[in-house]
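Enquirer: To be precise about what I am sending: the file is called my_file20.cif and holds mmCIF, C-alpha atoms and all ligand atoms.
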data_target
#
loop_
_atom_site.label_atom_id
_atom_site.label_comp_id
_atom_site.auth_asym_id
_atom_site.auth_seq_id
_atom_site.Cartn_x
_atom_site.Cartn_y
_atom_site.Cartn_z
CA MET A 1 18.64 25.45 8.11
CA GLY A 2 19.89 22.14 9.38
CA THR A 3 23.37 21.08 8.50
CA TYR A 4 25.76 18.29 9.23
CA ARG A 5 29.47 18.56 8.65
CA SER A 6 31.85 15.64 8.97
CA SER A 7 31.24 14.14 12.38
CA ARG A 8 29.53 16.03 15.16
CA SER A 9 29.13 19.69 14.41
CA ALA A 10 26.75 22.24 12.88
CA ILE A 11 23.41 20.66 13.58
CA SER A 12 20.09 22.37 13.76
CA GLN A 13 16.34 22.01 13.44
CA PRO A 14 14.23 21.31 10.35
CA ALA A 15 13.76 24.43 8.25
CA LEU A 16 14.85 25.75 4.87
CA TRP A 17 18.28 25.97 3.32
CA THR A 18 18.89 29.71 3.04
CA GLY A 19 22.58 30.39 2.51
CA ALA A 20 25.93 29.06 1.40
CA VAL A 21 27.91 26.49 3.40
CA GLN A 22 31.61 26.03 2.92
CA VAL A 23 32.84 22.46 2.87
CA GLY A 24 36.12 20.67 2.39
CA GLU A 25 39.55 20.57 3.91
CA THR A 26 41.57 23.72 4.40
CA THR A 27 44.54 23.34 2.09
CA ALA A 28 47.02 26.05 1.23
CA GLY A 29 46.08 27.73 -2.03
CA CYS A 30 42.79 25.82 -2.40
CA PRO A 31 39.50 27.62 -1.73
CA LEU A 32 36.81 25.77 0.17
CA LEU A 33 33.90 24.46 -1.83
CA GLU A 34 30.60 26.16 -1.35
CA VAL A 35 27.25 24.37 -1.22
CA SER A 36 24.14 26.49 -1.71
CA PRO A 37 20.78 26.38 -3.48
CA THR A 38 22.06 29.00 -5.93
CA GLN A 39 25.20 27.06 -6.75
CA SER A 40 25.42 25.24 -10.09
CA GLY A 41 26.90 21.87 -10.92
CA ASN A 42 27.87 19.22 -8.40
CA TRP A 43 27.51 21.46 -5.34
CA LYS A 44 24.00 22.80 -5.79
CA GLY A 45 22.20 22.32 -2.49
CA PRO A 46 20.46 20.80 -0.75
CA TYR A 47 20.87 17.48 -2.56
CA TYR A 48 24.24 18.07 -4.20
CA SER A 49 25.87 15.23 -6.18
CA GLY A 50 29.49 15.94 -5.23
CA LEU A 51 31.09 12.97 -3.51
CA SER A 52 32.13 12.99 0.13
CA ALA A 53 35.54 11.64 -0.90
CA SER A 54 36.20 14.88 -2.76
CA ILE A 55 35.77 16.97 0.41
CA GLY A 56 37.76 14.70 2.69
CA SER A 57 34.69 12.71 3.83
CA GLY A 58 31.60 13.98 5.60
CA SER A 59 28.66 15.87 4.22
CA VAL A 60 26.42 18.86 4.71
CA GLY A 61 22.72 18.18 4.77
CA LEU A 62 19.28 19.63 5.32
CA VAL A 63 17.14 18.10 8.07
CA PRO A 64 15.37 15.77 7.49
CA PHE A 65 18.29 14.04 5.83
CA ASN A 66 17.95 12.55 2.37
CA LEU A 67 19.85 9.78 0.68
CA HIS A 68 22.99 10.99 -1.13
CA ASP A 69 22.33 9.18 -4.42
CA THR A 70 25.77 9.46 -5.96
CA ASP A 71 27.68 8.72 -2.75
CA CYS A 72 26.03 5.29 -2.36
CA LEU A 73 27.71 2.06 -3.40
CA PRO A 74 26.42 1.36 -6.00
CA PRO A 75 25.08 4.83 -6.85
CA ASN A 76 21.30 5.06 -6.90
CA GLY A 77 19.86 3.93 -10.24
CA THR A 78 22.89 1.90 -11.30
CA LYS A 79 22.20 -0.61 -14.08
CA GLY A 80 24.22 -3.24 -15.85
CA ILE A 81 26.81 -4.05 -13.21
CA CYS A 82 27.50 -7.72 -12.57
CA GLU A 83 28.10 -7.76 -8.85
CA ILE A 84 28.30 -5.80 -5.62
CA ASN A 85 31.90 -5.07 -4.71
CA PRO A 86 33.59 -6.17 -1.47
CA TYR A 87 33.60 -3.32 1.09
CA LEU A 88 36.72 -3.15 3.21
CA PRO A 89 35.16 -1.55 6.35
CA ASN A 90 32.71 -4.47 6.44
CA ASN A 91 35.37 -7.18 6.34
CA ASN A 92 35.27 -7.17 2.54
CA LYS A 93 31.76 -8.57 2.43
CA ARG A 94 29.82 -7.67 -0.69
CA THR A 95 27.95 -4.72 0.80
CA VAL A 96 25.50 -2.18 -0.52
CA VAL A 97 26.39 1.08 1.22
CA LEU A 98 23.61 3.66 1.49
CA ARG A 99 24.95 7.08 2.44
CA HIS A 100 22.83 9.99 3.66
CA TYR A 101 23.53 13.71 3.83
CA GLY A 102 23.70 13.41 7.61
CA PRO A 103 23.95 10.85 10.42
CA VAL A 104 21.14 8.35 10.77
CA SER A 105 19.74 6.06 13.44
CA GLN A 106 16.99 3.46 13.57
CA ALA A 107 13.66 3.81 15.35
CA SER A 108 13.53 0.18 16.45
CA GLU A 109 16.07 -2.42 17.53
CA THR A 110 13.70 -5.25 16.58
CA LEU A 111 12.32 -4.16 13.21
CA VAL A 112 14.72 -3.93 10.27
CA ALA A 113 14.92 -0.25 9.34
CA VAL A 114 14.62 -0.78 5.58
CA VAL A 115 12.58 -2.94 3.24
CA ILE A 116 14.56 -4.75 0.54
CA GLU A 117 12.68 -5.97 -2.52
CA ARG A 118 13.97 -8.05 -5.43
CA GLN A 119 12.37 -8.25 -8.85
CA ASP A 120 11.68 -11.89 -9.57
CA TRP A 121 9.81 -13.53 -12.38
CA ALA A 122 6.50 -15.28 -12.01
CA VAL A 123 4.62 -17.44 -14.50
CA HIS A 124 1.40 -15.69 -15.40
CA CYS A 125 -1.23 -17.54 -17.44
CA PRO A 126 -3.86 -14.98 -18.37
CA THR A 127 -7.45 -15.94 -19.02
CA PRO A 128 -8.21 -15.91 -21.85
CA PRO A 129 -4.65 -16.78 -22.98
CA PRO A 130 -2.70 -14.53 -25.34
CA VAL A 131 -3.56 -14.89 -28.98
CA PHE A 132 -0.05 -15.90 -30.00
CA PRO A 133 0.21 -19.51 -31.20
CA ASN A 134 1.53 -22.00 -28.65
CA LEU A 135 1.81 -19.33 -26.00
CA THR A 136 -0.55 -19.54 -23.05
CA CYS A 137 1.61 -18.22 -20.24
CA LEU A 138 4.01 -15.32 -19.76
CA LEU A 139 6.77 -14.47 -17.33
CA VAL A 140 5.91 -11.27 -15.53
CA PRO A 141 8.02 -9.25 -13.08
CA VAL A 142 7.00 -9.31 -9.43
CA TRP A 143 8.60 -7.57 -6.46
CA ASN A 144 9.28 -9.89 -3.55
CA ASP A 145 10.22 -8.76 -0.06
CA VAL A 146 13.63 -10.35 0.58
CA THR A 147 14.59 -8.26 3.61
CA SER A 148 15.07 -11.39 5.73
CA CYS A 149 17.81 -12.60 3.34
CA PHE A 150 20.12 -9.74 4.38
CA TYR A 151 21.93 -8.25 7.32
CA VAL A 152 21.17 -4.55 7.73
CA SER A 153 23.29 -2.29 9.90
CA VAL A 154 22.38 1.37 10.47
CA ALA A 155 25.26 3.71 11.35
CA PRO A 156 27.62 0.74 11.71
CA THR A 157 30.94 0.73 13.51
CA SER A 158 33.64 -0.83 11.40
CA SER A 159 35.88 -3.43 12.97
CA ILE A 160 38.39 -2.79 10.20
CA SER A 161 38.56 1.00 10.27
CA PRO A 162 36.89 2.18 13.49
CA SER A 163 37.86 5.77 12.78
CA ASN A 164 35.73 5.75 9.64
CA ILE A 165 33.44 8.62 10.63
CA THR A 166 31.30 8.33 7.50
CA GLY A 167 29.74 5.19 9.02
CA GLU A 168 27.44 7.47 10.98
CA ARG A 169 25.50 8.34 7.85
CA GLU A 170 25.63 4.89 6.28
CA ILE A 171 23.45 1.81 6.13
CA TRP A 172 25.22 -1.43 5.23
CA ILE A 173 23.34 -4.32 3.61
CA TRP A 174 24.93 -7.69 2.86
CA PRO A 175 23.59 -11.22 2.24
CA LYS A 176 23.12 -13.82 4.95
CA THR A 177 24.47 -17.30 4.42
CA THR A 178 20.94 -18.68 4.03
CA VAL A 179 20.58 -20.96 1.03
CA ASN A 180 17.04 -21.71 -0.07
CA SER A 181 14.85 -20.94 -3.04
CA ILE A 182 14.40 -17.32 -1.91
CA CYS A 183 17.82 -16.52 -0.43
CA PRO A 184 20.74 -17.80 -2.53
CA GLY A 185 23.24 -17.14 0.25
CA GLU A 186 26.39 -14.98 0.40
CA THR A 187 25.62 -13.42 -2.95
CA TRP A 188 23.42 -10.90 -4.65
CA SER A 189 21.24 -12.40 -7.40
CA SER A 190 21.36 -11.17 -10.97
CA ARG A 191 18.18 -9.16 -10.49
CA SER A 192 16.87 -5.68 -9.89
CA TYR A 193 16.59 -4.48 -6.29
CA ARG A 194 14.85 -1.59 -4.62
CA ILE A 195 15.39 -0.50 -1.04
CA ARG A 196 13.28 1.94 0.97
CA PRO A 197 13.04 3.00 4.61
CA ARG A 198 10.46 0.91 6.49
CA LEU A 199 7.31 2.85 7.39
CA SER A 200 5.45 2.39 10.67
CA THR A 201 2.26 3.56 9.01
CA PRO A 202 1.70 2.68 5.33
CA ASN A 203 1.72 5.70 3.01
CA ASP A 204 2.88 7.99 5.83
CA ALA A 205 6.37 9.09 4.83
CA THR A 206 6.91 10.74 8.21
CA THR A 207 7.07 7.37 9.97
CA THR A 208 10.34 6.07 8.54
CA HIS A 209 12.29 3.68 10.74
CA VAL A 210 15.48 5.30 9.49
CA ARG A 211 15.73 8.55 11.45
CA SER A 212 17.77 11.75 11.09
CA ASP A 213 20.25 11.59 13.97
CA GLN A 214 22.12 14.22 16.00
CA THR A 215 19.69 17.04 15.29
CA LEU A 216 18.39 19.38 17.98
CA VAL A 217 14.85 18.04 17.69
CA ALA A 218 13.64 16.18 20.80
CA ILE A 219 12.46 13.16 18.83
CA ASP A 220 14.69 12.14 15.94
CA PRO A 221 12.91 13.30 12.75
CA PRO A 222 12.36 10.89 9.85
CA VAL A 223 14.62 10.82 6.81
CA VAL A 224 13.26 11.83 3.42
CA TYR A 225 11.33 8.81 2.12
CA TRP A 226 13.90 7.80 -0.49
CA GLN A 227 14.12 4.79 -2.80
CA HIS A 228 17.41 3.23 -3.86
CA THR A 229 17.42 0.98 -6.92
CA PHE A 230 20.04 -0.96 -8.84
CA SER A 231 20.13 -3.83 -11.32
CA LEU A 232 22.63 -6.65 -11.47
CA GLU A 233 22.93 -8.27 -14.87
CA CYS A 234 25.26 -11.24 -14.82
CA PHE A 235 25.73 -13.80 -17.53
CA ASP A 236 27.73 -15.95 -15.12
CA LEU A 237 24.63 -17.19 -13.33
CA ASN A 238 26.25 -20.35 -11.92
CA LEU A 239 29.11 -18.34 -10.41
CA SER A 240 31.79 -20.27 -12.30
CA CYS A 241 33.70 -17.02 -12.94
CA ALA A 242 32.81 -16.96 -16.65
CA PRO A 243 29.82 -17.34 -18.97
CA ASP A 244 29.61 -21.02 -19.94
CA MET A 245 27.08 -23.67 -20.87
CA GLY A 246 26.39 -24.26 -17.18
CA ASP A 247 24.68 -20.88 -17.06
CA VAL A 248 21.91 -21.96 -19.46
CA PRO A 249 20.04 -24.30 -17.07
CA VAL A 250 20.32 -21.66 -14.35
CA PHE A 251 18.83 -19.11 -16.74
CA LEU A 252 15.95 -21.46 -17.54
CA ASP A 253 15.29 -21.85 -13.82
CA GLN A 254 15.89 -18.32 -12.48
CA HIS A 255 15.45 -16.17 -15.62
CA ALA A 256 17.12 -12.84 -16.35
CA ASP A 257 15.87 -9.86 -18.32
CA TYR A 258 19.13 -8.89 -20.03
CA ASN A 259 17.59 -6.46 -22.51
CA GLU A 260 15.43 -4.82 -19.81
CA ASP A 261 12.17 -5.01 -21.73
CA GLU A 262 10.25 -6.38 -18.72
CA VAL A 263 9.88 -9.77 -20.40
CA VAL A 264 12.04 -12.88 -20.19
CA ASP A 265 12.10 -14.61 -23.55
CA THR A 266 14.36 -16.02 -26.25
CA GLN A 267 15.92 -12.61 -26.84
CA ASP A 268 17.42 -12.76 -23.37
CA LEU A 269 18.54 -16.34 -23.92
CA SER A 270 20.20 -15.23 -27.16
CA LEU A 271 22.14 -12.56 -25.29
CA LEU A 272 23.34 -15.18 -22.81
CA VAL A 273 24.37 -17.56 -25.61
CA GLN A 274 26.19 -14.70 -27.30
CA ALA A 275 28.09 -14.01 -24.08
CA ILE A 276 29.01 -17.68 -23.78
CA ILE A 277 30.29 -17.71 -27.37
CA ASN A 278 32.29 -14.54 -26.76
CA GLY A 279 33.61 -15.93 -23.51
CA GLY A 280 33.21 -12.72 -21.57
CA GLU A 281 30.70 -10.64 -19.67
CA CA B 1 29.18 -19.48 -15.59
CA CA B 2 13.95 -9.32 -21.83
#
Since I need it in another form, could you write the structure as structure tokens?

Expert:
Amino acid sequence: MGTYRSSRSAISQPALWTGAVQVGETTAGCPLLEVSPTQSGNWKGPYYSGLSASIGSGSVGLVPFNLHDTDCLPPNGTKGICEINPYLPNNNKRTVVLRHYGPVSQASETLVAVVIERQDWAVHCPTPPPVFPNLTCLLVPVWNDVTSCFYVSVAPTSSISPSNITGEREIWIWPKTTVNSICPGETWSSRSYRIRPRLSTPNDATTTHVRSDQTLVAIDPPVVYWQHTFSLECFDLNLSCAPDMGDVPVFLDQHADYNEDEVVDTQDLSLLVQAIINGGE
């Protein structure tokens, strides 16, 4: 079994999780939590959902390390939030924080260790056109690689809280200041995103550029080939701090699938208008 506890202890080689591991802080009168494959609830190993904050930070993980879905900011699979929150250890920049079950490193200093994709909308005019009257083209979702729009830091060292040991198992992602049609600059768009480790060889999940760090293996093993997704759904598209009429032209230009039916149409516009009338998100 390979484990990782807090900072720099209990590390081993890839194998199987066979027993129980006690985690948490030793506090008078409070038993330590136990993580094991036979455990139920939040602490069922190896990919338990219990948060690191509830055990005084740190984690226990099987090599190769996986992404800790619920410990990420936002948690994996999050939908319907309006924005990414400022993250204090990263100078309060709006940062997606990907946390693993163990420390990570990157295979290359020159290639970004993850691939970041954003779901945009493209005009698609099928041939022959749809049979609906006056409708010849559709908006269809497409995934665009927007990795170059973001800073990515693997196992970062915080300038705000340098003693933050959990940074060893984190990847931070935040927008560059670039402003063009692809990269809006200093903000996350009201879109769906998916993030995965970069692969050296396509379809070979053992070639991830994010590596399991501090194990006893001579060459850092890959991480589990995870995928992290989240959707931002903002009505305040023009960043005026509230839904208003100024958001309508932005909607017509950028589009947003508020009802998540994989189509942008008048139903989504109606939801935006409703939000403007109600004056709130
Ligand atoms: Ca607005
Ligand atoms: Ca829709």

Enquirer: I'd like a table as JSON lines: residues in chain A with an atom no more than 12 Å from ligand CA 1 (chain B), each row giving the shortest atom pair and its distance in Å to one decimal, all atoms listed in the file counted, sorted by chain and rising residue number.

Expert:
{"residue": "A:Cys234", "atom": "CA", "partner": "B:CA1", "partner_atom": "CA", "distance": 9.2}
{"residue": "A:Phe235", "atom": "CA", "partner": "B:CA1", "partner_atom": "CA", "distance": 6.9}
{"residue": "A:Asp236", "atom": "CA", "partner": "B:CA1", "partner_atom": "CA", "distance": 3.8}
{"residue": "A:Leu237", "atom": "CA", "partner": "B:CA1", "partner_atom": "CA", "distance": 5.6}
{"residue": "A:Asn238", "atom": "CA", "partner": "B:CA1", "partner_atom": "CA", "distance": 4.8}
{"residue": "A:Leu239", "atom": "CA", "partner": "B:CA1", "partner_atom": "CA", "distance": 5.3}
{"residue": "A:Ser240", "atom": "CA", "partner": "B:CA1", "partner_atom": "CA", "distance": 4.3}
{"residue": "A:Cys241", "atom": "CA", "partner": "B:CA1", "partner_atom": "CA", "distance": 5.8}
{"residue": "A:Ala242", "atom": "CA", "partner": "B:CA1", "partner_atom": "CA", "distance": 4.5}
{"residue": "A:Pro243", "atom": "CA", "partner": "B:CA1", "partner_atom": "CA", "distance": 4.1}
{"residue": "A:Asp244", "atom": "CA", "partner": "B:CA1", "partner_atom": "CA", "distance": 4.6}
{"residue": "A:Met245", "atom": "CA", "partner": "B:CA1", "partner_atom": "CA", "distance": 7.1}
{"residue": "A:Gly246", "atom": "CA", "partner": "B:CA1", "partner_atom": "CA", "distance": 5.8}
{"residue": "A:Asp247", "atom": "CA", "partner": "B:CA1", "partner_atom": "CA", "distance": 4.9}
{"residue": "A:Val248", "atom": "CA", "partner": "B:CA1", "partner_atom": "CA", "distance": 8.6}
{"residue": "A:Pro249", "atom": "CA", "partner": "B:CA1", "partner_atom": "CA", "distance": 10.4}
{"residue": "A:Val250", "atom": "CA", "partner": "B:CA1", "partner_atom": "CA", "distance": 9.2}
{"residue": "A:Phe251", "atom": "CA", "partner": "B:CA1", "partner_atom": "CA", "distance": 10.4}
{"residue": "A:Leu272", "atom": "CA", "partner": "B:CA1", "partner_atom": "CA", "distance": 10.2}
{"residue": "A:Val273", "atom": "CA", "partner": "B:CA1", "partner_atom": "CA", "distance": 11.3}
{"residue": "A:Ala275", "atom": "CA", "partner": "B:CA1", "partner_atom": "CA", "distance": 10.2}
{"residue": "A:Ile276", "atom": "CA", "partner": "B:CA1", "partner_atom": "CA", "distance": 8.4}
{"residue": "A:Ile277", "atom": "CA", "partner": "B:CA1", "partner_atom": "CA", "distance": 12.0}
{"residue": "A:Gly279", "atom": "CA", "partner": "B:CA1", "partner_atom": "CA", "distance": 9.7}
{"residue": "A:Gly280", "atom": "CA", "partner": "B:CA1", "partner_atom": "CA", "distance": 9.9}
{"residue": "A:Glu281", "atom": "CA", "partner": "B:CA1", "partner_atom": "CA", "distance": 9.9}

Enquirer: Which residues of chain A come within 10 Å of ligand CA 2 (chain B), and for each one, what is the closest pair of atoms and their distance in Å to one decimal, counting all atoms listed in the file, sorted by chain and residue number, as CSV?

Expert:
residue,atom,partner,partner_atom,distance
A:Leu139,CA,B:CA2,CA,9.9
A:His255,CA,B:CA2,CA,9.4
A:Ala256,CA,B:CA2,CA,7.2
A:Asp257,CA,B:CA2,CA,4.0
A:Tyr258,CA,B:CA2,CA,5.5
A:Asn259,CA,B:CA2,CA,4.7
A:Glu260,CA,B:CA2,CA,5.1
A:Asp261,CA,B:CA2,CA,4.7
A:Glu262,CA,B:CA2,CA,5.7
A:Val263,CA,B:CA2,CA,4.3
A:Val264,CA,B:CA2,CA,4.4
A:Asp265,CA,B:CA2,CA,5.9
A:Thr266,CA,B:CA2,CA,8.0
A:Gln267,CA,B:CA2,CA,6.3
A:Asp268,CA,B:CA2,CA,5.1
A:Leu269,CA,B:CA2,CA,8.6
A:Leu271,CA,B:CA2,CA,9.5

Enquirer: Would you please work out which residue, of A:Ser148, A:Ser36, A:Gly56, A:Ala218, is nearest to A:Ala113 when using all atoms listed in the file?

Expert: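 Using all atoms listed in the file, the shortest distance to A:Ala113 belongs to A:Ser148.
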
Enquirer: So how far away is atom CA of A:Arg99 from atom CA of A:Trp143, in Å?

Expert: 23.7 Å

Enquirer: I'd like the contact shell of A:Trp174 - 7 Å cut-off, only C-alpha atoms, skipping same-chain residues fewer than 2 positions apart - returned as a PyMOL selection string.

Expert: chain A and resi 93-96+150-152+172+176

Enquirer: Which of these residues is nearest to A:Arg196, using only C-alpha atoms: A:Leu33, A:Ala20, A:Ala155, A:Ile171?

Expert: A:Ile171
